[in-house]
$ cat target08.cif   # mmCIF, C-alpha atoms and all ligand atoms
data_run
loop_
_atom_site.group_PDB
_atom_site.id
_atom_site.type_symbol
_atom_site.label_atom_id
_atom_site.label_comp_id
_atom_site.auth_asym_id
_atom_site.auth_seq_id
_atom_site.Cartn_x
_atom_site.Cartn_y
_atom_site.Cartn_z
ATOM 1 C CA MET A 655 13.121 31.641 -33.603
ATOM 2 C CA PRO A 656 11.471 35.000 -34.211
ATOM 3 C CA ARG A 657 12.204 36.656 -37.523
ATOM 4 C CA ILE A 658 13.881 40.029 -37.009
ATOM 5 C CA PRO A 659 11.456 42.918 -37.504
ATOM 6 C CA VAL A 660 12.246 45.101 -40.479
ATOM 7 C CA ARG A 661 12.672 48.229 -38.408
ATOM 8 C CA ILE A 662 15.476 46.581 -36.426
ATOM 9 C CA GLU A 663 17.089 45.008 -39.479
ATOM 10 C CA SER A 664 17.351 48.475 -40.978
ATOM 11 C CA ASN A 665 19.646 49.396 -38.088
ATOM 12 C CA ILE A 666 22.151 46.768 -39.168
ATOM 13 C CA GLY A 667 22.281 47.485 -42.872
ATOM 14 C CA PRO A 668 20.741 49.275 -45.814
ATOM 15 C CA LEU A 669 17.044 49.151 -46.578
ATOM 16 C CA MET A 670 16.103 49.057 -50.247
ATOM 17 C CA ASP A 671 12.749 48.765 -51.878
ATOM 18 C CA ASP A 672 13.833 48.504 -55.486
ATOM 19 C CA ARG A 673 14.928 44.876 -55.512
ATOM 20 C CA GLN A 674 12.602 42.199 -56.856
ATOM 21 C CA CYS A 675 12.525 38.452 -56.244
ATOM 22 C CA GLY A 676 12.351 37.824 -60.002
ATOM 23 C CA ARG A 677 13.084 34.189 -60.782
ATOM 24 C CA CYS A 678 14.080 33.390 -57.205
ATOM 25 C CA ASN A 679 11.881 31.321 -54.925
ATOM 26 C CA ALA A 680 14.634 30.090 -52.614
ATOM 27 C CA CYS A 681 12.813 30.949 -49.397
ATOM 28 C CA CYS A 682 9.815 28.844 -50.490
ATOM 29 C CA ILE A 683 12.123 25.839 -50.372
ATOM 30 C CA TRP A 684 14.835 26.568 -47.841
ATOM 31 C CA TYR A 685 12.913 28.028 -44.909
ATOM 32 C CA GLY A 686 10.654 26.157 -42.546
ATOM 33 C CA VAL A 687 7.141 27.439 -41.908
ATOM 34 C CA ASP A 688 4.676 26.451 -39.233
ATOM 35 C CA SER A 689 1.671 28.696 -39.749
ATOM 36 C CA SER A 690 0.038 27.438 -36.552
ATOM 37 C CA ARG A 691 2.631 29.351 -34.495
ATOM 38 C CA GLU A 692 1.035 32.725 -35.048
ATOM 39 C CA ALA A 693 -2.313 34.312 -35.757
ATOM 40 C CA GLN A 694 -3.315 34.259 -39.416
ATOM 41 C CA ALA A 695 -5.590 36.523 -41.409
ATOM 42 C CA GLU A 696 -8.943 35.070 -42.369
ATOM 43 C CA GLY A 697 -8.797 32.786 -45.411
ATOM 44 C CA THR A 698 -5.043 32.220 -45.107
ATOM 45 C CA VAL A 699 -3.810 28.755 -46.034
ATOM 46 C CA SER A 700 -2.114 26.670 -43.380
ATOM 47 C CA LEU A 701 1.396 25.469 -44.004
ATOM 48 C CA TYR A 702 3.735 23.158 -42.139
ATOM 49 C CA LYS A 703 6.991 22.545 -43.930
ATOM 50 C CA HIS A 704 10.583 21.937 -42.917
ATOM 51 C CA ALA A 705 13.577 23.763 -44.364
ATOM 52 C CA GLY A 706 14.610 22.087 -47.599
ATOM 53 C CA GLU A 707 11.094 20.937 -48.484
ATOM 54 C CA LYS A 708 9.609 22.552 -51.551
ATOM 55 C CA CYS A 709 6.396 24.283 -50.555
ATOM 56 C CA LYS A 710 3.323 22.487 -51.827
ATOM 57 C CA PHE A 711 1.862 25.835 -52.908
ATOM 58 C CA ILE A 712 4.572 26.594 -55.469
ATOM 59 C CA ASN A 713 2.734 26.647 -58.780
ATOM 60 C CA LYS A 714 4.906 25.399 -61.634
ATOM 61 C CA ARG A 715 2.502 26.847 -64.193
ATOM 62 C CA LEU A 716 3.124 30.400 -62.981
ATOM 63 C CA ASP A 717 6.050 32.425 -64.257
ATOM 64 C CA HIS A 718 9.175 31.637 -62.260
ATOM 65 C CA ARG A 719 7.323 28.907 -60.276
ATOM 66 C CA ARG A 720 5.766 31.460 -57.968
ATOM 67 C CA CYS A 721 3.383 31.118 -55.057
ATOM 68 C CA GLY A 722 0.013 29.745 -56.120
ATOM 69 C CA VAL A 723 -1.757 31.144 -53.052
ATOM 70 C CA TYR A 724 -0.090 34.536 -52.933
ATOM 71 C CA ASP A 725 -3.074 36.457 -51.558
ATOM 72 C CA LYS A 726 -3.706 33.784 -48.950
ATOM 73 C CA ARG A 727 -0.147 32.908 -48.015
ATOM 74 C CA PRO A 728 0.678 32.563 -44.313
ATOM 75 C CA CYS A 729 1.754 35.542 -42.263
ATOM 76 C CA ALA A 730 5.333 34.188 -42.050
ATOM 77 C CA CYS A 731 5.559 34.341 -45.861
ATOM 78 C CA VAL A 732 4.080 37.839 -45.999
ATOM 79 C CA ARG A 733 6.636 39.127 -43.522
ATOM 80 C CA PHE A 734 9.659 37.333 -44.886
ATOM 81 C CA LYS A 735 12.340 39.220 -46.779
ATOM 82 C CA CYS A 736 15.778 37.732 -47.184
ATOM 83 C CA SER A 737 18.785 39.941 -46.490
ATOM 84 C CA TRP A 738 19.474 40.455 -50.206
ATOM 85 C CA LEU A 739 15.937 41.766 -50.751
ATOM 86 C CA MET A 740 16.445 44.081 -47.780
ATOM 87 C CA GLY A 741 19.454 45.638 -49.494
ATOM 88 C CA PHE A 742 22.464 43.678 -48.258
ATOM 89 C CA PHE A 743 25.204 42.475 -50.673
ATOM 90 C CA PRO A 744 25.723 43.511 -54.305
ATOM 91 C CA ASP A 745 22.767 43.550 -56.729
ATOM 92 C CA ASP A 746 23.886 40.370 -58.472
ATOM 93 C CA PHE A 747 23.855 38.352 -55.217
ATOM 94 C CA ARG A 748 20.188 37.388 -55.558
ATOM 95 C CA PRO A 749 19.841 34.028 -53.752
ATOM 96 C CA ASP A 750 19.105 31.901 -56.813
ATOM 97 C CA LYS A 751 22.187 33.324 -58.541
ATOM 98 C CA VAL A 752 24.679 32.740 -55.742
ATOM 99 C CA GLY A 753 23.224 29.567 -54.228
ATOM 100 C CA LEU A 754 22.901 31.231 -50.828
ATOM 101 C CA VAL A 755 20.012 32.780 -48.954
ATOM 102 C CA ALA A 756 20.557 34.792 -45.789
ATOM 103 C CA SER A 757 18.205 36.192 -43.195
ATOM 104 C CA MET A 758 18.409 37.764 -39.756
ATOM 105 C CA TYR A 759 16.798 36.697 -36.525
ATOM 106 C CA LEU A 760 16.501 38.007 -33.038
ATOM 107 C CA ARG A 761 18.216 36.006 -30.342
ATOM 108 C CA ASP A 762 15.949 33.671 -28.397
ATOM 109 C CA GLY A 763 14.205 35.506 -25.605
ATOM 110 C CA ILE A 764 13.927 38.840 -27.431
ATOM 111 C CA SER A 765 10.440 39.723 -28.541
ATOM 112 C CA ASP A 766 9.481 40.778 -32.054
ATOM 113 C CA ASP A 767 7.887 43.750 -30.352
ATOM 114 C CA ALA A 768 11.093 44.871 -28.641
ATOM 115 C CA ASP A 769 11.874 48.565 -28.788
ATOM 116 C CA PRO A 770 14.383 48.881 -31.671
ATOM 117 C CA THR A 771 16.489 51.330 -29.708
ATOM 118 C CA SER A 772 17.014 48.694 -27.014
ATOM 119 C CA VAL A 773 18.246 46.029 -29.442
ATOM 120 C CA SER A 774 21.983 45.814 -30.034
ATOM 121 C CA LYS A 775 23.826 43.990 -32.778
ATOM 122 C CA ASN A 776 24.650 41.325 -30.220
ATOM 123 C CA ASP A 777 20.947 40.487 -30.108
ATOM 124 C CA VAL A 778 20.926 39.505 -33.762
ATOM 125 C CA ASN A 779 22.001 36.330 -35.475
ATOM 126 C CA VAL A 780 22.175 35.467 -39.134
ATOM 127 C CA THR A 781 21.477 32.230 -40.931
ATOM 128 C CA ILE A 782 22.998 31.742 -44.369
ATOM 129 C CA VAL A 783 21.614 28.663 -46.103
ATOM 130 C CA VAL A 784 23.775 27.059 -48.771
ATOM 131 C CA THR A 785 21.354 26.051 -51.501
ATOM 132 C CA ASP A 786 23.830 25.315 -54.294
ATOM 133 C CA VAL A 787 27.478 24.480 -53.586
ATOM 134 C CA ASN A 788 28.329 24.958 -57.256
ATOM 135 C CA LYS A 789 27.347 28.620 -57.100
ATOM 136 C CA CYS A 790 28.308 29.801 -53.628
ATOM 137 C CA GLY A 791 32.087 29.578 -54.100
ATOM 138 C CA ASP A 792 34.611 29.435 -51.297
ATOM 139 C CA PHE A 793 35.389 31.658 -48.353
ATOM 140 C CA GLU A 794 38.412 33.216 -50.045
ATOM 141 C CA THR A 795 36.860 34.590 -53.199
ATOM 142 C CA GLY A 796 33.248 33.446 -53.582
ATOM 143 C CA PRO A 797 29.899 34.969 -52.625
ATOM 144 C CA LEU A 798 29.826 32.922 -49.407
ATOM 145 C CA GLY A 799 32.950 34.599 -48.051
ATOM 146 C CA LYS A 800 31.712 38.010 -49.135
ATOM 147 C CA MET A 801 28.376 37.547 -47.400
ATOM 148 C CA VAL A 802 29.977 36.414 -44.151
ATOM 149 C CA HIS A 803 32.439 39.284 -44.320
ATOM 150 C CA GLU A 804 29.673 41.841 -44.878
ATOM 151 C CA PHE A 805 27.774 40.694 -41.800
ATOM 152 C CA ILE A 806 30.938 40.635 -39.675
ATOM 153 C CA SER A 807 31.887 44.117 -40.823
ATOM 154 C CA ARG A 808 28.402 45.314 -39.832
ATOM 155 C CA GLY A 809 29.004 43.993 -36.336
ATOM 156 C CA VAL A 810 26.893 40.834 -36.472
ATOM 157 C CA ASP A 811 28.742 38.290 -34.408
ATOM 158 C CA ASP A 812 26.647 35.152 -34.594
ATOM 159 C CA ILE A 813 26.522 33.812 -38.129
ATOM 160 C CA ARG A 814 25.413 30.284 -38.966
ATOM 161 C CA VAL A 815 26.209 28.875 -42.397
ATOM 162 C CA VAL A 816 23.935 25.881 -42.875
ATOM 163 C CA ASN A 817 23.929 23.148 -45.499
ATOM 164 C CA TYR A 818 20.745 21.115 -45.101
ATOM 165 C CA ARG A 819 21.916 18.504 -47.621
ATOM 166 C CA SER A 820 25.184 17.651 -45.891
ATOM 167 C CA ARG A 821 23.736 18.544 -42.456
ATOM 168 C CA GLN A 822 26.860 20.639 -41.773
ATOM 169 C CA VAL A 823 27.031 23.958 -39.959
ATOM 170 C CA LEU A 824 29.811 26.529 -39.792
ATOM 171 C CA HIS A 825 29.340 28.900 -36.892
ATOM 172 C CA PHE A 826 31.066 32.288 -36.725
ATOM 173 C CA TYR A 827 30.693 33.296 -33.127
ATOM 174 C CA HIS A 828 32.492 36.004 -31.171
ATOM 175 C CA GLY A 829 35.744 35.720 -33.096
ATOM 176 C CA ASP A 830 35.907 31.935 -33.415
ATOM 177 C CA VAL A 831 34.774 29.611 -36.181
ATOM 178 C CA TYR A 832 33.242 26.268 -35.259
ATOM 179 C CA ASN A 833 32.344 23.220 -37.312
ATOM 180 C CA GLY A 834 29.146 21.487 -36.394
ATOM 181 C CA GLU A 835 26.202 19.362 -37.424
ATOM 182 C CA LEU A 836 22.505 19.966 -37.588
ATOM 183 C CA LEU A 837 20.347 18.213 -35.019
ATOM 184 C CA LYS A 838 16.760 17.165 -35.452
ATOM 185 C CA SER A 839 14.562 20.199 -34.868
ATOM 186 C CA THR A 840 11.360 19.963 -32.907
ATOM 187 C CA SER A 841 9.603 22.489 -35.130
ATOM 188 C CA PRO A 842 10.094 23.625 -38.747
ATOM 189 C CA GLU A 843 11.203 27.112 -37.756
ATOM 190 C CA GLU A 844 13.809 25.949 -35.248
ATOM 191 C CA LEU A 845 17.489 25.714 -36.115
ATOM 192 C CA LYS A 846 19.193 23.251 -33.806
ATOM 193 C CA PHE A 847 22.837 22.296 -34.092
ATOM 194 C CA VAL A 848 25.867 21.173 -32.143
ATOM 195 C CA THR A 849 29.401 22.498 -32.595
ATOM 196 C CA HIS A 850 32.852 21.200 -31.669
ATOM 197 C CA ASN A 851 36.189 22.849 -30.878
ATOM 198 C CA PRO A 852 37.057 26.006 -32.855
ATOM 199 C CA ILE A 853 38.677 25.381 -36.235
ATOM 200 C CA GLY A 854 39.723 28.989 -36.803
ATOM 201 C CA SER A 855 39.191 32.578 -35.826
ATOM 202 C CA TYR A 856 38.273 35.898 -37.367
ATOM 203 C CA THR A 857 38.544 39.545 -36.429
ATOM 204 C CA GLU A 858 35.393 40.972 -34.959
ATOM 205 C CA ALA A 859 34.166 44.413 -35.960
ATOM 206 C CA PRO A 860 34.924 47.075 -33.320
ATOM 207 C CA ASP A 861 32.407 47.087 -30.516
ATOM 208 C CA GLU A 862 29.655 49.667 -30.651
ATOM 209 C CA GLU A 863 27.114 50.790 -28.169
ATOM 210 C CA GLN A 864 23.426 50.285 -28.868
ATOM 211 C CA VAL A 865 22.405 50.380 -32.519
ATOM 212 C CA THR A 866 21.043 53.753 -33.413
HETATM 213 S S1 LIG B 901 14.914 34.257 -51.075
HETATM 214 FE FE1 LIG B 901 14.770 36.504 -51.117
HETATM 215 S S2 LIG B 901 14.855 37.105 -53.285
HETATM 216 FE FE2 LIG B 901 14.406 34.889 -53.169
HETATM 217 S S3 LIG B 901 12.156 34.767 -53.260
HETATM 218 FE FE3 LIG B 901 12.722 34.794 -51.085
HETATM 219 S S4 LIG B 901 12.675 36.948 -50.466
HETATM 220 FE FE4 LIG B 901 12.691 36.895 -52.715
HETATM 221 S S1 LIG B 902 2.851 29.673 -49.271
HETATM 222 FE FE1 LIG B 902 3.591 30.678 -51.084
HETATM 223 S S2 LIG B 902 5.059 32.248 -50.299
HETATM 224 FE FE2 LIG B 902 4.692 30.736 -48.657
HETATM 225 S S3 LIG B 902 6.352 29.224 -48.861
HETATM 226 FE FE3 LIG B 902 4.567 28.471 -50.020
HETATM 227 S S4 LIG B 902 4.912 29.168 -52.112
HETATM 228 FE FE4 LIG B 902 6.241 30.378 -50.798
#
$ encode --input "target08.cif" --output "structure tokens"
Amino acid sequence: MPRIPVRIESNIGPLMDDRQCGRCNACCIWYGVDSSREAQAEGTVSLYKHAGEKCKFINKRLDHRRCGVYDKRPCACVRFKCSWLMGFFPDDFRPDKVGLVASMYLRDGISDDADPTSVSKNDVNVTIVVTDVNKCGDFETGPLGKMVHEFISRGVDDIRVVNYRSRQVLHFYHGDVYNGELLKSTSPEELKFVTHNPIGSYTEAPDEEQVT
């Protein structure tokens, strides 16, 4: 699943450059990387890890258990910014603090190189990974509900809340909410799941024309 290019993500929400990862290294654990899928700069390390596997390059001796191969990390790591780092959600919603890490993707079939003006909000989906159920709270009052609400209010209408430990998925899709389970993925960067009958509904944001 191609990661959404920054220039398109900026059409959906705010872009900030003053947030820092700090003590967080959630994406080095909770996102899959297969560095063989794309061209790498010379000297870059290769990495093949599934979501939920701690990256072997995390160096515990560095402050905040940071990347031990930072200058040689794969292209996918260089490009990655979670939605919080991009400027979504309140300042104190850093992934390690709320037990949730969110990121946006382009729908299958849409190229990373697509013209941003031709990409609508319907071409975007969001994955929110639950990394700590003790921190993420509930849908009524906790950070999880607030994150989902923020994406819905910005017009994103395909939101997957994923718990890799329980293998459960909650899918907010075009006004309905579905329960589901993760399926075995064929590659680390693929998110595969099955859903059942709707268990609820939500109000979609008013339709807009193309994102401008
Ligand atoms: S999950 Fe976000 S804030 Fe945390 S290390 Fe990754 S990019 Fe930085
Ligand atoms: S290579 Fe570095 S940046 Fe990439 S997942 Fe591993 S620790 Fe994180």
$ closest_residue --input "target08.cif" --among "A:Cys736, A:Val815, A:Val773, A:Ile764" --to "Leu669 in chain A" --atoms "only C-alpha atoms"
A:Cys736
$ residues_around --input "target08.cif" --residues "range 701-708 of chain A" --least-positions-apart "2" --cutoff "9 Å" --atoms "all atoms listed in the file" --output "PDB file with C-alpha atoms, in the coordinates of the input"
ATOM      1  CA  CYS A 681      12.813  30.949 -49.397  1.00  0.00           C
ATOM      2  CA  CYS A 682       9.815  28.844 -50.490  1.00  0.00           C
ATOM      3  CA  ILE A 683      12.123  25.839 -50.372  1.00  0.00           C
ATOM      4  CA  TRP A 684      14.835  26.568 -47.841  1.00  0.00           C
ATOM      5  CA  TYR A 685      12.913  28.028 -44.909  1.00  0.00           C
ATOM      6  CA  GLY A 686      10.654  26.157 -42.546  1.00  0.00           C
ATOM      7  CA  VAL A 687       7.141  27.439 -41.908  1.00  0.00           C
ATOM      8  CA  ASP A 688       4.676  26.451 -39.233  1.00  0.00           C
ATOM      9  CA  SER A 689       1.671  28.696 -39.749  1.00  0.00           C
ATOM     10  CA  SER A 690       0.038  27.438 -36.552  1.00  0.00           C
ATOM     11  CA  VAL A 699      -3.810  28.755 -46.034  1.00  0.00           C
ATOM     12  CA  LYS A 710       3.323  22.487 -51.827  1.00  0.00           C
ATOM     13  CA  PHE A 711       1.862  25.835 -52.908  1.00  0.00           C
ATOM     14  CA  ILE A 712       4.572  26.594 -55.469  1.00  0.00           C
ATOM     15  CA  ARG A 727      -0.147  32.908 -48.015  1.00  0.00           C
ATOM     16  CA  PRO A 728       0.678  32.563 -44.313  1.00  0.00           C
ATOM     17  CA  THR A 785      21.354  26.051 -51.501  1.00  0.00           C
ATOM     18  CA  TYR A 818      20.745  21.115 -45.101  1.00  0.00           C
ATOM     19  CA  ARG A 819      21.916  18.504 -47.621  1.00  0.00           C
ATOM     20  CA  SER A 841       9.603  22.489 -35.130  1.00  0.00           C
ATOM     21  CA  PRO A 842      10.094  23.625 -38.747  1.00  0.00           C
ATOM     22  CA  GLU A 843      11.203  27.112 -37.756  1.00  0.00           C
TER      23      GLU A 843
END
$ residues_near_ligand --input "target08.cif" --ligand "ligand LIG 901 (chain B)" --cutoff "7 Å" --atoms "all atoms listed in the file" --output "list in words"
Gln674, Cys675, Cys678, Asn679, Ala680, Cys681, Cys682, Phe734, Lys735, Cys736, Trp738, Leu739, Arg748, Pro749, Asp750 and Val755 of chain A
$ closest_residue --input "target08.cif" --among "A:Val831, A:Asn713, A:Gly854, A:Gly697" --to "Lys726 in chain A" --atoms "all atoms listed in the file"
A:Gly697
$ axis_aligned_box --input "target08.cif" --around "ligand LIG 902 (chain B)" --padding-each-side "8 Å" --output "lines of an AutoDock Vina configuration file"
center_x = 4.6
center_y = 30.4
center_z = -50.4
size_x = 19.5
size_y = 19.8
size_z = 19.5
$ resolve_selection --input "target08.cif" --expression "the PyMOL selection byres (((chain A and resi 824) around 9) and not hetatm)" --output "list in words"
Ile813, Arg814, Val815, Val816, Asn817, Gln822, Val823, His825, Phe826, Val831, Tyr832, Asn833, Gly834, Glu835 and Thr849 of chain A
